[in-house]
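Containing TSV, C-alpha atoms: upload.tsv.
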```tsv
chain	number	residue	atom	x	y	z
A	1	MET	CA	2.20	10.83	-9.40
A	2	ALA	CA	2.99	13.44	-6.72
A	3	VAL	CA	0.32	14.17	-4.12
A	4	GLU	CA	-0.13	17.79	-3.03
A	5	PRO	CA	0.04	18.12	0.78
A	6	LYS	CA	-2.84	19.93	2.42
A	7	ILE	CA	-3.68	21.46	5.77
A	8	CYS	CA	-5.63	18.82	7.67
A	9	VAL	CA	-6.50	20.28	11.08
A	10	TRP	CA	-9.93	18.93	12.13
A	11	SER	CA	-10.19	16.84	8.94
A	12	ASP	CA	-10.89	13.54	10.71
A	13	LEU	CA	-11.07	14.31	14.43
A	14	THR	CA	-13.20	17.22	15.61
A	15	THR	CA	-13.28	18.68	19.11
A	16	GLU	CA	-16.35	16.54	19.87
A	17	HIS	CA	-14.48	13.41	18.77
A	18	LEU	CA	-11.43	14.33	20.84
A	19	ASP	CA	-13.54	14.92	23.95
A	20	VAL	CA	-14.58	11.26	23.73
A	21	VAL	CA	-11.09	10.04	22.73
A	22	PHE	CA	-9.33	11.76	25.64
A	23	GLY	CA	-12.13	10.71	27.97
A	24	ALA	CA	-11.67	6.98	27.24
A	25	SER	CA	-10.69	5.31	30.52
A	26	THR	CA	-9.30	2.01	29.14
A	27	ASN	CA	-7.52	0.80	26.02
A	28	GLU	CA	-10.54	-1.29	25.06
A	29	ASN	CA	-12.78	1.74	25.40
A	30	LEU	CA	-10.43	3.81	23.24
A	31	MET	CA	-10.33	1.11	20.56
A	32	SER	CA	-14.14	1.02	20.52
A	33	VAL	CA	-14.34	4.83	20.26
A	34	LEU	CA	-11.88	4.91	17.35
A	35	ALA	CA	-13.78	2.14	15.58
A	36	ASP	CA	-16.99	4.19	15.83
A	37	ILE	CA	-15.33	7.44	14.69
A	38	CYS	CA	-13.51	5.83	11.75
A	39	LYS	CA	-16.52	3.65	10.86
A	40	ILE	CA	-14.65	0.35	11.22
A	41	GLU	CA	-17.49	-2.18	11.54
A	42	ASP	CA	-16.09	-5.68	10.91
A	43	SER	CA	-13.69	-6.13	13.82
A	44	GLU	CA	-12.96	-9.73	12.76
A	45	ASN	CA	-11.40	-8.60	9.47
A	46	ILE	CA	-7.59	-8.75	9.73
A	47	LYS	CA	-7.14	-5.50	7.76
A	48	ASN	CA	-9.51	-3.67	10.06
A	49	GLN	CA	-7.69	-5.03	13.10
A	50	ILE	CA	-4.33	-3.76	11.78
A	51	LEU	CA	-5.82	-0.39	10.87
A	52	LEU	CA	-7.51	0.03	14.26
A	53	GLU	CA	-4.30	-0.81	16.09
A	54	PHE	CA	-2.45	1.72	13.90
A	55	TYR	CA	-4.96	4.44	14.87
A	56	PHE	CA	-4.80	3.40	18.54
A	57	HIS	CA	-1.01	3.76	18.77
A	58	THR	CA	-1.17	7.08	16.92
A	59	ILE	CA	-3.50	8.50	19.59
A	60	GLN	CA	-1.41	6.97	22.38
A	61	PHE	CA	1.70	8.72	21.06
A	62	ALA	CA	-0.15	12.04	20.85
A	63	LYS	CA	-1.22	11.64	24.48
A	64	SER	CA	2.32	10.75	25.59
A	65	GLN	CA	3.63	13.94	23.96
A	66	GLY	CA	1.02	16.11	25.67
A	67	MET	CA	-0.47	17.29	22.37
A	68	ASN	CA	-3.49	19.54	22.46
A	69	TYR	CA	-6.65	18.94	20.43
A	70	ALA	CA	-5.44	20.73	17.27
A	71	GLN	CA	-2.08	18.94	17.33
A	72	THR	CA	-3.68	15.55	17.93
A	73	SER	CA	-6.17	16.04	15.10
A	74	SER	CA	-3.42	17.15	12.70
A	75	PHE	CA	-1.04	14.33	13.66
A	76	PHE	CA	-3.78	11.70	13.35
A	77	THR	CA	-4.73	12.83	9.83
A	78	ILE	CA	-1.09	13.13	8.74
A	79	MET	CA	-0.44	9.48	9.65
A	80	LYS	CA	-3.73	8.47	8.03
A	81	LEU	CA	-2.75	10.22	4.77
A	82	VAL	CA	0.70	8.61	4.86
A	83	HIS	CA	-0.94	5.19	5.19
A	84	ALA	CA	-3.30	5.98	2.31
A	85	MET	CA	-0.38	6.87	0.05
A	86	CYS	CA	1.60	3.77	1.07
A	87	THR	CA	-1.32	1.48	0.19
A	88	SER	CA	-2.33	3.32	-2.99
A	89	THR	CA	-0.12	1.02	-5.09
A	90	PRO	CA	1.35	-2.48	-4.66
A	91	TYR	CA	4.66	-1.20	-6.04
A	92	ASN	CA	7.43	0.34	-3.96
A	93	ASN	CA	6.84	4.02	-3.13
A	94	ASN	CA	8.84	4.28	0.11
A	95	LYS	CA	10.76	7.37	-0.95
A	96	ALA	CA	7.70	9.20	-2.31
A	97	THR	CA	5.68	8.40	0.83
A	98	PHE	CA	8.42	9.66	3.17
A	99	THR	CA	8.77	12.85	1.10
A	100	TYR	CA	5.00	13.35	1.36
A	101	PHE	CA	5.21	12.83	5.14
A	102	LYS	CA	7.89	15.53	5.46
A	103	GLN	CA	5.85	17.94	3.33
A	104	LEU	CA	2.81	17.41	5.55
A	105	LEU	CA	4.90	18.15	8.65
A	106	VAL	CA	6.23	21.36	7.12
A	107	LYS	CA	2.66	22.30	6.20
A	108	HIS	CA	1.78	22.19	9.92
A	109	SER	CA	4.92	23.65	11.51
A	110	LEU	CA	5.21	27.13	9.90
A	111	GLN	CA	2.71	29.93	10.49
A	112	ARG	CA	2.27	31.24	6.94
A	113	PRO	CA	-1.45	31.30	6.23
A	114	PRO	CA	-3.01	30.32	3.93
A	115	TYR	CA	-0.08	28.13	2.83
A	116	SER	CA	0.75	26.55	6.19
A	117	VAL	CA	-0.14	26.72	9.88
A	118	GLY	CA	2.09	26.60	12.94
A	119	VAL	CA	0.52	23.69	14.79
A	120	PHE	CA	3.74	21.88	15.81
A	121	ASN	CA	6.93	23.35	17.25
A	122	VAL	CA	10.44	22.22	16.33
A	123	SER	CA	10.78	19.65	19.13
A	124	GLN	CA	7.41	18.11	18.24
A	125	VAL	CA	8.40	17.85	14.56
A	126	GLN	CA	11.55	15.97	15.62
A	127	ALA	CA	9.58	13.66	17.93
A	128	ILE	CA	6.94	12.93	15.28
A	129	THR	CA	9.65	12.18	12.69
A	130	ASP	CA	11.42	9.78	15.04
A	131	TYR	CA	8.12	8.08	15.87
A	132	ALA	CA	7.11	7.66	12.21
A	133	LEU	CA	10.52	6.25	11.26
A	134	ASN	CA	10.67	3.79	14.14
A	135	THR	CA	7.10	2.55	13.74
A	136	TYR	CA	5.30	3.05	10.43
A	137	PHE	CA	8.24	3.30	8.03
A	138	ARG	CA	10.05	0.49	9.82
A	139	HIS	CA	7.07	-1.77	8.99
A	140	PHE	CA	6.35	-0.12	5.63
A	141	ASP	CA	6.52	-3.39	3.67
A	142	MET	CA	4.17	-5.11	6.12
A	143	TYR	CA	1.47	-2.46	5.65
A	144	LYS	CA	1.89	-2.60	1.87
A	145	TYR	CA	1.64	-6.41	1.87
A	146	ALA	CA	-1.49	-6.40	4.05
A	147	PHE	CA	-3.42	-3.61	2.30
A	148	THR	CA	-2.53	-3.81	-1.41
A	149	PRO	CA	-3.54	-6.39	-4.03
A	150	LYS	CA	-0.96	-8.98	-4.97
A	151	VAL	CA	0.76	-8.71	-8.36
A	152	ARG	CA	0.85	-11.92	-10.40
A	153	VAL	CA	3.14	-12.28	-13.41
A	154	ASP	CA	2.17	-14.72	-16.18
A	155	ILE	CA	5.20	-15.86	-18.17
A	156	SER	CA	5.05	-17.41	-21.64
A	157	PHE	CA	7.93	-18.71	-23.76
A	158	HIS	CA	8.40	-18.60	-27.52
A	159	TYR	CA	11.12	-20.61	-29.22
A	160	ASP	CA	12.36	-19.87	-32.70
A	161	GLY	CA	11.75	-22.72	-35.10
A	162	VAL	CA	9.11	-24.39	-32.93
A	163	PRO	CA	5.53	-23.96	-34.25
A	164	GLU	CA	2.96	-22.66	-31.80
A	165	THR	CA	0.24	-25.05	-30.70
A	166	PRO	CA	-3.10	-23.89	-32.13
A	167	GLU	CA	-5.96	-23.34	-29.71
A	168	PRO	CA	-8.74	-25.97	-29.90
A	169	VAL	CA	-11.81	-24.90	-31.86
A	170	ALA	CA	-15.23	-26.07	-30.68
A	171	GLU	CA	-17.35	-27.77	-33.32
A	172	PRO	CA	-20.59	-25.91	-34.18
A	173	GLU	CA	-23.79	-27.49	-32.88
A	174	VAL	CA	-26.27	-28.68	-35.48
A	175	ALA	CA	-30.00	-28.35	-34.71
A	176	VAL	CA	-31.91	-31.63	-35.08
A	177	SER	CA	-35.70	-31.83	-35.43
A	178	PRO	CA	-37.62	-33.98	-32.89
A	179	GLU	CA	-38.59	-36.53	-35.62
A	180	LYS	CA	-35.02	-37.04	-36.75
A	181	GLN	CA	-33.81	-37.03	-33.16
A	182	GLU	CA	-35.95	-40.11	-32.42
A	183	GLU	CA	-34.46	-41.86	-35.42
A	184	VAL	CA	-30.95	-40.92	-34.41
A	185	GLU	CA	-31.34	-42.05	-30.80
A	186	VAL	CA	-30.05	-45.58	-31.08
A	187	GLU	CA	-27.76	-47.59	-28.94
A	188	PRO	CA	-24.26	-46.19	-29.55
A	189	GLU	CA	-21.74	-48.79	-30.42
A	190	GLU	CA	-18.68	-48.90	-28.31
A	191	GLU	CA	-15.75	-47.86	-30.40
A	192	GLU	CA	-12.36	-49.14	-29.59
A	193	GLU	CA	-9.90	-46.39	-28.87
A	194	PRO	CA	-7.02	-46.44	-31.29
A	195	ALA	CA	-3.72	-47.37	-29.77
A	196	PRO	CA	-1.42	-44.40	-29.27
A	197	GLU	CA	1.22	-44.04	-31.91
A	198	PRO	CA	4.76	-44.55	-30.70
A	199	GLU	CA	6.70	-41.33	-30.20
A	200	SER	CA	9.17	-40.73	-32.98
A	201	ASP	CA	12.82	-39.93	-32.33
A	202	GLU	CA	12.35	-36.41	-33.70
A	203	MET	CA	9.45	-35.66	-31.31
A	204	ARG	CA	11.38	-37.12	-28.38
A	205	GLN	CA	14.40	-34.96	-29.17
A	206	LEU	CA	12.20	-31.89	-29.59
A	207	ARG	CA	10.49	-32.53	-26.24
A	208	ASP	CA	13.86	-32.96	-24.48
A	209	MET	CA	15.17	-29.76	-26.07
A	210	ILE	CA	12.12	-27.80	-24.88
A	211	GLN	CA	12.40	-29.13	-21.34
A	212	VAL	CA	16.11	-28.28	-21.14
A	213	ALA	CA	15.53	-24.80	-22.58
A	214	MET	CA	12.62	-24.09	-20.20
A	215	GLY	CA	14.66	-25.23	-17.21
A	216	ALA	CA	17.53	-22.93	-18.16
A	217	GLU	CA	15.17	-20.01	-18.80
A	218	LEU	CA	13.42	-20.46	-15.45
A	219	LYS	CA	16.74	-20.67	-13.62
A	220	GLN	CA	18.01	-17.50	-15.25
A	221	LEU	CA	14.73	-15.74	-14.49
A	222	GLN	CA	14.94	-16.74	-10.83
A	223	LEU	CA	18.51	-15.44	-10.56
A	224	ARG	CA	17.54	-12.14	-12.18
A	225	LEU	CA	14.57	-11.70	-9.82
A	226	GLU	CA	16.71	-12.45	-6.76
A	227	ARG	CA	19.36	-9.97	-7.95
A	228	LEU	CA	16.70	-7.34	-8.62
A	229	ILE	CA	15.17	-7.74	-5.15
A	230	CYS	CA	18.60	-7.48	-3.50
A	231	ASP	CA	19.49	-4.35	-5.48
A	232	GLN	CA	16.10	-2.79	-4.67
A	233	ASP	CA	16.53	-3.37	-0.93
A	234	THR	CA	20.00	-1.82	-1.02
A	235	LYS	CA	18.72	1.17	-2.98
A	236	ILE	CA	15.84	1.74	-0.54
A	237	SER	CA	18.16	1.60	2.47
A	238	ARG	CA	20.49	4.17	0.94
A	239	GLN	CA	17.61	6.46	-0.01
A	240	VAL	CA	16.11	6.34	3.49
A	241	GLU	CA	19.51	7.07	5.09
A	242	ALA	CA	19.92	10.06	2.78
A	243	LEU	CA	16.43	11.29	3.69
A	244	GLU	CA	17.16	10.96	7.39
A	245	GLU	CA	20.33	13.04	7.00
A	246	SER	CA	18.47	15.66	4.94
A	247	ILE	CA	16.01	16.40	7.81
A	248	GLY	CA	18.72	16.29	10.48
A	249	LEU	CA	17.66	13.32	12.58
A	250	LYS	CA	19.20	12.86	16.02
A	251	SER	CA	22.17	10.56	16.35
A	252	GLY	CA	20.98	7.03	17.03
A	253	ALA	CA	17.54	7.41	15.41
A	254	LYS	CA	16.38	4.30	13.60
A	255	SER	CA	15.67	4.21	9.91
A	256	PRO	CA	12.67	2.43	8.29
A	257	GLY	CA	14.95	-0.59	7.98
A	258	GLY	CA	15.48	-0.62	11.75
A	259	LYS	CA	19.25	0.14	11.63
A	260	LYS	CA	20.84	2.79	13.80
A	261	ARG	CA	22.88	5.53	12.23
A	262	LYS	CA	26.48	5.64	13.20
```

Is it possible to express this structure as structure tokens?
Amino acid sequence: MAVEPKICVWSDLTTEHLDVVFGASTNENLMSVLADICKIEDSENIKNQILLEFYFHTIQFAKSQGMNYAQTSSFFTIMKLVHAMCTSTPYNNNKATFTYFKQLLVKHSLQRPPYSVGVFNVSQVQAITDYALNTYFRHFDMYKYAFTPKVRVDISFHYDGVPETPEPVAEPEVAVSPEKQEEVEVEPEEEEEPAPEPESDEMRQLRDMIQVAMGAELKQLQLRLERLICDQDTKISRQVEALEESIGLKSGAKSPGGKKRK
């Protein structure tokens, strides 16, 4: 489902927040300020640590580019929205997230109110794009792994000609009156367990057939999954390269996969 980009100046960081952010004298002080602003309380939680470091480096890049308050606020929220879209699903949405990122940049680089605002100039758009590709989108899978629930697949097999094993049915409990219960409570006699019946040749053959069939099925399934993962990685790399060319990246800029364009 496509997400509509919006103008996000002052959405997360106000001028009062930025006074404190730009006034932080040390990295530790800046991390503490960002934790207070973004309401990150449990600093021992690994997700919160990753998120806080992500916010920290976003502000550090804004400072290194000499961004003013409006540009810093817009850039911070753009990266925050990109992260929210990345972690909105455990499935791959690399292409959709990068498209959303570009739309947000356009929304803040053209002065056409009320549709867009000219917060960033052309050189800043290029610098922000390079930064996002070489940092966030390069580690896109890591963020998705850390912040999205894991998907578990339960596999069941059905073989033609083999009857399904019925589920065990619990026996209904019978209410016993206290008088009869006293009569029933006697020393239980130890019953000898019947000796297990020897396995017939037909059952042995059936068991061997099932084991062989399950082994073959699992092997084929593993090969198909490995092939699918390989094809998906190749497809993503090609899509990202095409996206980089469509926005006219500089020669030598790195893609989300970390490879340089030739």

Atomic distance CA of Thr148 in chain A - CA of Thr89 in chain A, expressed in Å with one decimal: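 These atoms are spaced 6.5 Å apart.
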
Please identify all polymer residues within 8 Å of Val9 in chain A, counting all atoms listed in the file, omitting same-chain residues fewer than 6 positions from it, and present them as a PDB file with C-alpha atoms, in the coordinates of the input.
```pdb
ATOM      1  CA  ALA A  70      -5.440  20.730  17.270  1.00  0.00           C
ATOM      2  CA  GLN A  71      -2.080  18.940  17.330  1.00  0.00           C
ATOM      3  CA  SER A  73      -6.170  16.040  15.100  1.00  0.00           C
ATOM      4  CA  SER A  74      -3.420  17.150  12.700  1.00  0.00           C
ATOM      5  CA  THR A  77      -4.730  12.830   9.830  1.00  0.00           C
TER       6      THR A  77
END
```

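Nearest residue to Asn48 in chain A among A:Thr99, A:Leu13, A:Met79, A:Ala146 is A:Ala146, counting only C-alpha atoms.
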
Nearby residues, (-12.4, 1.6, 19.7) file frame, 10 Å, only C-alpha atoms, as a PyMOL selection string: chain A and resi 21+24+26-40+43+52-53+55-56

Interatomic distance, CA of Ile46 in chain A to CA of Tyr100 in chain A (Å, one decimal): 26.8 Å

Pairwise distance for CA of Ser237 in chain A and CA of Phe137 in chain A, rounded to one decimal in Å: 11.5 Å

Enclosing box along x, y and z for every listed atom of range 108-120 of chain A, padded 6 Å each side, centre and size in Å, one decimal, as JSON:
```
{"center_x": 1.1, "center_y": 26.6, "center_z": 9.3, "size_x": 20.2, "size_y": 21.4, "size_z": 25.0}
```

For Asn68 in chain A, the nearest of the candidates A:Tyr136, A:Tyr131, A:Tyr115, A:Phe22, counting only C-alpha atoms: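 Closest candidate: A:Phe22.
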
Residues near Ile236 in chain A, cut-off 10 Å, all atoms listed in the file, skip fewer than 2 positions along chain, as JSON, numbers by chain: {"A": [92, 93, 94, 95, 231, 232, 233, 234, 238, 239, 240, 241, 242, 256, 257]}

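Nearest to Asp160 in chain A of all the residues A:Ala213, A:Ile78, A:Ala127, A:Ala84 is A:Ala213, counting all atoms listed in the file.
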